[in-house]
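Asker: One file: structure.txt (compact mmCIF, C-alpha atoms).
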# COMPACT_ATOMS: atom_id res chain seq x y z
CA MET A 105 95.09 129.89 121.36
CA ASN A 106 91.48 130.54 120.42
CA HIS A 107 89.00 127.80 119.56
CA LYS A 108 88.91 128.58 115.87
CA LYS A 109 92.64 128.30 115.53
CA THR A 110 92.72 125.04 117.50
CA ALA A 111 90.13 123.58 115.15
CA TYR A 112 92.02 124.73 112.06
CA LEU A 113 95.34 123.32 113.29
CA GLY A 114 93.67 119.98 114.03
CA LEU A 115 92.10 120.03 110.59
CA PHE A 116 95.41 120.72 108.85
CA ALA A 117 97.24 118.13 110.93
CA ALA A 118 94.65 115.63 109.67
CA VAL A 119 95.15 116.86 106.10
CA ALA A 120 98.91 116.46 106.46
CA ILE A 121 98.49 112.91 107.79
CA ILE A 122 96.21 111.98 104.88
CA PHE A 123 98.71 113.49 102.43
CA GLY A 124 101.42 111.37 104.02
CA TYR A 125 99.26 108.29 103.53
CA VAL A 126 98.39 109.19 99.92
CA GLU A 127 102.07 109.69 99.25
CA SER A 128 102.92 106.24 100.57
CA LEU A 129 100.62 104.88 97.84
CA ILE A 130 102.37 106.73 95.01
CA PRO A 131 105.31 104.75 93.66
CA PHE A 132 107.51 107.83 93.28
CA PHE A 133 110.80 106.06 93.55
CA ALA A 134 113.61 106.39 91.04
CA GLY A 135 116.12 104.05 92.65
CA ILE A 136 117.17 106.76 95.07
CA PRO A 137 116.16 106.43 98.70
CA GLY A 138 114.49 109.49 100.16
CA MET A 139 113.14 110.84 96.89
CA LYS A 140 109.49 111.74 97.23
CA LEU A 141 106.96 114.42 96.49
CA GLY A 142 106.55 115.86 99.98
CA LEU A 143 102.80 116.44 99.71
CA ALA A 144 102.54 116.84 103.48
CA ASN A 145 104.71 119.93 103.21
CA LEU A 146 101.75 121.59 101.48
CA ALA A 147 99.88 121.69 104.77
CA VAL A 148 102.93 122.77 106.76
CA LEU A 149 103.80 125.52 104.29
CA PHE A 150 100.19 126.71 104.32
CA ILE A 151 100.21 126.97 108.12
CA LEU A 152 103.54 128.79 107.98
CA GLU A 153 102.00 131.31 105.58
CA LYS A 154 98.85 131.85 107.65
CA TYR A 155 100.26 131.63 111.17
CA THR A 156 103.83 131.35 112.49
CA TRP A 157 106.53 128.70 112.62
CA LYS A 158 105.27 127.53 116.03
CA GLU A 159 101.93 126.37 114.64
CA ALA A 160 103.70 124.85 111.61
CA ALA A 161 106.09 122.96 113.90
CA LEU A 162 103.18 121.64 115.96
CA VAL A 163 101.29 120.37 112.90
CA SER A 164 104.50 118.90 111.47
CA ALA A 165 105.38 117.07 114.69
CA VAL A 166 101.88 115.62 115.08
CA ARG A 167 101.95 114.44 111.48
CA ILE A 168 105.34 112.75 111.76
CA LEU A 169 104.50 110.95 114.99
CA VAL A 170 101.11 109.70 113.74
CA ILE A 171 102.42 108.67 110.29
CA GLY A 172 105.50 107.12 111.90
CA PHE A 173 103.52 104.98 114.33
CA LEU A 174 100.94 104.00 111.71
CA PHE A 175 103.13 103.16 108.71
CA GLY A 176 106.76 103.48 109.74
CA ASN A 177 109.16 102.67 112.51
CA MET A 178 111.50 104.47 114.91
CA PHE A 179 114.01 105.08 112.14
CA SER A 180 111.57 106.57 109.68
CA ILE A 181 110.37 108.89 112.48
CA LEU A 182 113.96 109.97 113.12
CA TYR A 183 114.63 110.70 109.42
CA SER A 184 111.36 112.56 109.04
CA LEU A 185 111.97 114.65 112.16
CA ALA A 186 115.47 115.61 110.99
CA GLY A 187 114.26 116.59 107.54
CA ALA A 188 111.18 118.42 108.80
CA ALA A 189 113.05 120.34 111.51
CA LEU A 190 115.78 121.57 109.18
CA SER A 191 113.26 122.33 106.45
CA LEU A 192 110.98 124.32 108.74
CA ALA A 193 113.92 126.24 110.24
CA VAL A 194 115.19 127.18 106.79
CA MET A 195 111.72 128.13 105.52
CA THR A 196 111.08 130.30 108.59
CA LEU A 197 114.38 132.15 108.15
CA MET A 198 113.77 132.53 104.42
CA LYS A 199 110.29 133.91 105.02
CA LYS A 200 111.65 136.45 107.50
CA PHE A 201 114.84 137.60 105.84
CA SER A 202 115.03 136.67 102.16
CA GLY A 203 111.97 138.42 100.73
CA PHE A 204 111.31 135.31 98.66
CA SER A 205 107.82 134.41 97.50
CA ILE A 206 106.20 131.15 98.55
CA LEU A 207 107.85 129.44 95.56
CA GLY A 208 111.39 130.24 96.67
CA ILE A 209 110.58 129.39 100.29
CA SER A 210 109.15 126.05 99.23
CA VAL A 211 112.21 125.21 97.13
CA ALA A 212 114.51 126.07 100.04
CA GLY A 213 112.34 123.86 102.26
CA GLY A 214 112.39 120.91 99.85
CA VAL A 215 116.15 121.06 99.37
CA SER A 216 116.94 121.43 103.07
CA HIS A 217 114.53 118.61 103.93
CA ASN A 218 116.41 116.25 101.65
CA ILE A 219 119.80 117.38 102.99
CA GLY A 220 118.68 116.90 106.60
CA GLN A 221 117.44 113.38 105.91
CA LEU A 222 120.57 112.45 104.01
CA ILE A 223 122.84 113.63 106.83
CA VAL A 224 120.88 111.68 109.47
CA ALA A 225 120.87 108.60 107.23
CA ALA A 226 124.65 108.81 106.73
CA LEU A 227 125.13 109.21 110.50
CA ILE A 228 122.90 106.24 111.32
CA VAL A 229 124.46 103.76 108.90
CA GLU A 230 127.90 105.29 109.68
CA ASN A 231 128.82 105.31 106.02
CA THR A 232 129.69 108.38 103.98
CA SER A 233 129.10 106.68 100.62
CA LEU A 234 125.47 107.70 101.08
CA LEU A 235 126.50 111.24 100.25
CA TYR A 236 126.74 110.17 96.61
CA TYR A 237 122.97 110.63 96.57
CA ALA A 238 123.34 114.32 97.39
CA PRO A 239 123.21 115.72 93.80
CA ALA A 240 120.09 113.74 92.93
CA LEU A 241 118.42 114.75 96.18
CA LEU A 242 119.31 118.42 95.65
CA ILE A 243 117.69 118.39 92.21
CA SER A 244 114.63 116.47 93.37
CA GLY A 245 114.30 118.94 96.26
CA VAL A 246 114.15 121.83 93.79
CA VAL A 247 111.59 120.12 91.53
CA THR A 248 109.25 118.97 94.30
CA GLY A 249 109.73 122.30 96.10
CA LEU A 250 108.54 124.17 93.00
CA LEU A 251 105.51 121.89 92.62
CA ILE A 252 104.50 122.12 96.28
CA GLY A 253 105.16 125.88 96.25
CA LEU A 254 102.87 126.39 93.24
CA LEU A 255 100.12 124.29 94.84
CA THR A 256 100.40 126.02 98.22
CA GLY A 257 100.32 129.42 96.54
CA GLU A 258 97.05 128.54 94.80
CA VAL A 259 95.56 127.10 97.99
CA THR A 260 96.60 130.15 100.03
CA LYS A 261 94.87 132.46 97.56
CA ARG A 262 91.61 130.51 97.79
CA ILE A 263 91.31 129.60 101.47
CA ARG A 264 90.78 132.39 103.98
CA LEU A 265 91.05 131.60 107.64
CA MET B 292 108.89 134.56 90.77
CA LYS B 293 111.43 137.21 91.64
CA LYS B 294 114.81 137.47 90.00
CA LYS B 295 116.73 136.53 93.13
CA GLU B 296 114.61 133.42 93.50
CA VAL B 297 115.49 132.36 89.97
CA ILE B 298 119.17 132.94 90.79
CA PHE B 299 118.77 130.96 94.02
CA ILE B 300 117.21 128.00 92.21
CA ILE B 301 119.72 128.03 89.36
CA SER B 302 122.62 128.13 91.81
CA ILE B 303 121.30 125.07 93.65
CA LEU B 304 120.90 123.19 90.36
CA ALA B 305 124.36 124.30 89.22
CA SER B 306 126.01 123.15 92.45
CA ALA B 307 124.16 119.83 92.22
CA LEU B 308 125.48 119.32 88.68
CA LEU B 309 128.99 120.34 89.77
CA LEU B 310 128.86 117.93 92.70
CA TRP B 311 127.59 115.21 90.39
CA GLY B 312 130.44 115.83 87.94
CA ILE B 313 133.04 115.68 90.70
CA MET B 314 131.57 112.44 92.02
CA LEU B 315 131.57 110.90 88.54
CA LEU B 316 135.28 111.74 88.24
CA ILE B 317 136.10 110.36 91.70
CA ARG B 318 134.09 107.21 91.12
CA LYS B 319 135.45 106.52 87.64
CA GLY B 320 137.06 103.13 87.28
CA ASP B 321 136.33 99.48 87.16
CA TYR B 322 134.54 98.08 90.17
CA GLY B 323 135.38 94.43 90.54
CA SER B 324 133.96 93.77 93.98
CA VAL B 325 131.58 95.00 96.62
CA ARG B 326 132.00 95.72 100.31
CA ILE B 327 129.11 95.09 102.67
CA THR B 328 129.00 97.03 105.91
CA VAL B 329 126.54 96.59 108.76
CA ASN B 330 126.25 99.30 111.38
CA GLY B 331 129.42 100.95 110.06
CA GLU B 332 131.47 97.79 110.51
CA GLU B 333 132.72 95.76 107.59
CA TYR B 334 130.81 92.52 107.05
CA GLY B 335 132.77 91.26 104.07
CA THR B 336 134.13 91.97 100.61
CA TYR B 337 132.95 89.87 97.71
CA SER B 338 134.06 89.58 94.09
CA LEU B 339 131.41 90.41 91.51
CA SER B 340 132.79 87.79 89.13
CA GLN B 341 131.60 84.95 91.32
CA ASP B 342 127.86 84.27 91.37
CA GLN B 343 126.62 83.67 94.90
CA VAL B 344 123.86 84.38 97.39
CA ILE B 345 125.01 86.16 100.55
CA SER B 346 123.00 86.34 103.75
CA ILE B 347 123.79 89.49 105.67
CA GLY B 348 123.16 88.67 109.31
CA GLU B 349 119.56 87.58 109.79
CA THR B 350 118.03 90.63 108.20
CA ASN B 351 119.05 90.88 104.55
CA VAL B 352 119.90 88.65 101.60
CA CYS B 353 121.71 89.80 98.48
CA GLU B 354 122.66 87.99 95.32
CA ILE B 355 125.59 88.35 92.93
CA ARG B 356 124.70 87.30 89.41
CA ASP B 357 126.16 88.22 85.99
CA GLY B 358 128.62 90.67 87.56
CA GLN B 359 125.93 92.59 89.45
CA ILE B 360 124.77 92.58 93.03
CA LYS B 361 121.18 93.13 94.09
CA MET B 362 119.40 93.05 97.42
CA THR B 363 116.92 90.19 97.16
CA GLY B 364 115.54 90.00 100.68
CA ALA B 365 115.00 92.27 103.67
CA ASP B 366 112.88 91.95 106.77
CA CYS B 367 112.00 95.65 106.95
CA PRO B 368 108.49 96.76 105.92
CA ASP B 369 109.39 99.17 103.11
CA HIS B 370 111.77 97.00 101.04
CA LEU B 371 113.29 100.13 99.50
CA CYS B 372 116.72 98.50 99.32
CA MET B 373 115.34 95.76 97.07
CA LYS B 374 114.13 98.37 94.58
CA GLN B 375 117.49 100.14 94.35
CA LYS B 376 119.59 99.81 91.25
CA ALA B 377 121.95 96.83 91.08
CA VAL B 378 125.63 97.61 91.71
CA GLY B 379 127.84 96.44 88.86
CA SER B 380 131.17 97.27 87.27
CA SER B 381 130.47 101.02 87.32
CA GLY B 382 130.04 101.06 91.10
CA GLY B 383 127.22 102.40 93.22
CA THR B 384 125.55 101.92 96.56
CA ILE B 385 122.59 99.99 97.93
CA VAL B 386 121.35 101.05 101.36
CA CYS B 387 118.95 99.42 103.77
CA LEU B 388 118.33 102.13 106.32
CA PRO B 389 116.31 100.22 108.95
CA ASN B 390 118.94 97.45 109.16
CA LYS B 391 121.89 99.81 108.63
CA VAL B 392 123.21 97.66 105.79
CA VAL B 393 125.27 99.30 103.03
CA ILE B 394 126.53 97.56 99.89
CA GLU B 395 129.05 99.63 97.94
CA GLY B 396 131.23 98.94 94.93
CA VAL B 397 134.99 98.91 95.55
CA LYS B 398 137.66 99.17 92.90
CA ALA B 399 139.80 96.27 94.12
CA ALA B 400 139.59 93.16 91.94
CA GLY B 401 138.43 91.02 94.85
CA SER B 402 139.50 89.97 98.29
CA GLU B 403 141.64 86.96 99.18
CA GLU B 404 138.90 84.62 100.22
CA SER B 405 136.67 85.29 97.26
CA SER B 406 139.29 84.94 94.49
CA PRO B 407 141.66 82.09 95.33
CA GLU B 408 142.72 81.78 91.67
CA PHE B 409 145.15 84.68 92.17
CA ASP B 410 147.08 82.71 94.78
CA THR B 411 147.50 79.67 92.57
CA ALA B 412 148.69 81.77 89.63
CA VAL B 413 151.70 83.16 91.54
Spit out the file's structure as structure tokens when you get a sec.
Answerer:
Amino acid sequence: MNHKKTAYLGLFAAVAIIFGYVESLIPFFAGIPGMKLGLANLAVLFILEKYTWKEAALVSAVRILVIGFLFGNMFSILYSLAGAALSLAVMTLMKKFSGFSILGISVAGGVSHNIGQLIVAALIVENTSLLYYAPALLISGVVTGLLIGLLTGEVTKRIRL
Amino acid sequence: MKKKEVIFIISILASALLLWGIMLLIRKGDYGSVRITVNGEEYGTYSLSQDQVISIGETNVCEIRDGQIKMTGADCPDHLCMKQKAVGSSGGTIVCLPNKVVIEGVKAAGSEESSPEFDTAV
């Protein structure tokens, strides 16, 4: 890993952490737990576009641990890790095999993030009635995925590493 | 956006709507009471027709009023469960993830201990 890349990854991890904080200030809550914008995914998606999934996973893990210890608890870290891991895995596969643009990849990431979190939540409370939230979380994953995809596309065009 | 991406997105939305429709059908009915579970184990079943305040362990407090149940207290930092929609006669779920508390509507009219008037009527 060269010095320039190390600096950039640190920078984007910081950006992702700040996005996570900004998001905690936005009351984006429609009575459904787990519904949020996913601003931090902007940084992760950007890294995935510019580098590989390994760098994206690193930035994502640093973000979740820092945000979790600052504003959350062990459970929120667990949910975030489950969502982020599934989301990044799906986005990486999509980028490699689907031929989708950043928009489609972002939508797939948003949807799979929500599904991952929902599954972990249902496992932790040991109650399947949580799965009633699935339709709402699928739709919100598509909407936020489109938004984040659009934003990341614009950012990727303008920032050259 | 490419055509296959549009198809991909539409198929997710369509399956979400389908899933939603199926759940509406399954959940249809009159929900007279709620079941509270903690950590996957049943804590109690309460009739919605009887106004009361229920303490769930030492972590959460919920209140039944006017045929609806709402979470009114939680010791977790985010308080997301207190912002969730009240569960009434059309059913629903309230979840407190940190404390593993789930309140869900059940179709039964009410359990034995919460509706003694049924016993006296027989």
Asker: For region 253-260 of chain A, list every protein, DNA or RNA residue within 6 Å, evaluated using all atoms listed in the file, and leave out those in the same chain fewer than 6 positions away; present the list as a count of residues only.
Answerer: 4
Asker: Residues of chain A were defined as contacting chain B if any atom lay at most 10 Å from it, counting all atoms listed in the file; please report them as a PDB file with C-alpha atoms, in the coordinates of the input.
Answerer:
ATOM      1  CA  SER A 128     102.920 106.240 100.570  1.00  0.00           C
ATOM      2  CA  PHE A 133     110.800 106.060  93.550  1.00  0.00           C
ATOM      3  CA  ALA A 134     113.610 106.390  91.040  1.00  0.00           C
ATOM      4  CA  GLY A 135     116.120 104.050  92.650  1.00  0.00           C
ATOM      5  CA  ILE A 136     117.170 106.760  95.070  1.00  0.00           C
ATOM      6  CA  PRO A 137     116.160 106.430  98.700  1.00  0.00           C
ATOM      7  CA  GLY A 138     114.490 109.490 100.160  1.00  0.00           C
ATOM      8  CA  PHE A 175     103.130 103.160 108.710  1.00  0.00           C
ATOM      9  CA  GLY A 176     106.760 103.480 109.740  1.00  0.00           C
ATOM     10  CA  ASN A 177     109.160 102.670 112.510  1.00  0.00           C
ATOM     11  CA  MET A 178     111.500 104.470 114.910  1.00  0.00           C
ATOM     12  CA  PHE A 179     114.010 105.080 112.140  1.00  0.00           C
ATOM     13  CA  SER A 180     111.570 106.570 109.680  1.00  0.00           C
ATOM     14  CA  TYR A 183     114.630 110.700 109.420  1.00  0.00           C
ATOM     15  CA  SER A 202     115.030 136.670 102.160  1.00  0.00           C
ATOM     16  CA  GLY A 203     111.970 138.420 100.730  1.00  0.00           C
ATOM     17  CA  PHE A 204     111.310 135.310  98.660  1.00  0.00           C
ATOM     18  CA  SER A 205     107.820 134.410  97.500  1.00  0.00           C
ATOM     19  CA  ILE A 206     106.200 131.150  98.550  1.00  0.00           C
ATOM     20  CA  LEU A 207     107.850 129.440  95.560  1.00  0.00           C
ATOM     21  CA  GLY A 208     111.390 130.240  96.670  1.00  0.00           C
ATOM     22  CA  ILE A 209     110.580 129.390 100.290  1.00  0.00           C
ATOM     23  CA  VAL A 211     112.210 125.210  97.130  1.00  0.00           C
ATOM     24  CA  ALA A 212     114.510 126.070 100.040  1.00  0.00           C
ATOM     25  CA  VAL A 215     116.150 121.060  99.370  1.00  0.00           C
ATOM     26  CA  ALA A 225     120.870 108.600 107.230  1.00  0.00           C
ATOM     27  CA  ALA A 226     124.650 108.810 106.730  1.00  0.00           C
ATOM     28  CA  LEU A 227     125.130 109.210 110.500  1.00  0.00           C
ATOM     29  CA  ILE A 228     122.900 106.240 111.320  1.00  0.00           C
ATOM     30  CA  VAL A 229     124.460 103.760 108.900  1.00  0.00           C
ATOM     31  CA  GLU A 230     127.900 105.290 109.680  1.00  0.00           C
ATOM     32  CA  ASN A 231     128.820 105.310 106.020  1.00  0.00           C
ATOM     33  CA  THR A 232     129.690 108.380 103.980  1.00  0.00           C
ATOM     34  CA  SER A 233     129.100 106.680 100.620  1.00  0.00           C
ATOM     35  CA  LEU A 234     125.470 107.700 101.080  1.00  0.00           C
ATOM     36  CA  LEU A 235     126.500 111.240 100.250  1.00  0.00           C
ATOM     37  CA  TYR A 236     126.740 110.170  96.610  1.00  0.00           C
ATOM     38  CA  TYR A 237     122.970 110.630  96.570  1.00  0.00           C
ATOM     39  CA  ALA A 238     123.340 114.320  97.390  1.00  0.00           C
ATOM     40  CA  PRO A 239     123.210 115.720  93.800  1.00  0.00           C
ATOM     41  CA  ALA A 240     120.090 113.740  92.930  1.00  0.00           C
ATOM     42  CA  LEU A 241     118.420 114.750  96.180  1.00  0.00           C
ATOM     43  CA  LEU A 242     119.310 118.420  95.650  1.00  0.00           C
ATOM     44  CA  ILE A 243     117.690 118.390  92.210  1.00  0.00           C
ATOM     45  CA  SER A 244     114.630 116.470  93.370  1.00  0.00           C
ATOM     46  CA  GLY A 245     114.300 118.940  96.260  1.00  0.00           C
ATOM     47  CA  VAL A 246     114.150 121.830  93.790  1.00  0.00           C
ATOM     48  CA  VAL A 247     111.590 120.120  91.530  1.00  0.00           C
ATOM     49  CA  LEU A 250     108.540 124.170  93.000  1.00  0.00           C
TER      50      LEU A 250
END
Asker: If I take CA of Leu222 (chain A) and CA of Ala186 (chain A), how far is one from the other in Å, to one decimal?
Answerer: 9.2 Å
Asker: To one decimal place, how far is CA of Lys261 (chain A) from CA of Phe150 (chain A) in Å?
Answerer: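 Separation between CA of Lys261 (chain A) and CA of Phe150 (chain A): 10.3 Å.
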Asker: So that I can check the surroundings of Ser216 (chain A), please list as a ChimeraX atom specification every protein, DNA and RNA residue that reaches within 8 Å of it, counting all atoms listed in the file and ignoring chain neighbours fewer than 5 positions away.
Answerer: /A:187,190-191,194,245
Asker: Build an axis-aligned box that encloses every atom of region 143-153 of chain A listed in the file, pad it by 6 Å on each side, and report its centre and edge lengths in Å to one decimal, as AutoDock Vina command-line options.
Answerer:
--center_x 102.3 --center_y 123.9 --center_z 103.9 --size_x 16.8 --size_y 26.9 --size_z 20.4
Asker: Quick one: pull the distance between CA of Ile151 (chain A) and CA of Asn218 (chain A), Å, one decimal.
Answerer: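 Answer for the CA of Ile151 (chain A) to CA of Asn218 (chain A) separation: 20.5 Å.
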Asker: Give the answer as one residue: which of B:Leu339, B:Ile347, B:Val397, B:Ile313 has the shortest atom-to-atom distance to Ile360 (chain B), using only C-alpha atoms?
Answerer: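 Residue with the minimum atom-to-atom distance to Ile360 (chain B): B:Leu339.
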Asker: Rank nothing, just name the residue among A:Ser184, A:Asn145, A:Gln221, A:Thr110 nearest to Leu265 (chain A), using all atoms listed in the file.
Answerer: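 The shortest atom-to-atom distance to Leu265 (chain A) comes from A:Thr110.
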Asker: What's around Ala365 (chain B) at 7 Å? Count only C-alpha atoms, leave out sequence neighbours fewer than 5 positions away in its own chain, and write the answer as a PyMOL selection string.
Answerer: chain B and resi 350-352+370
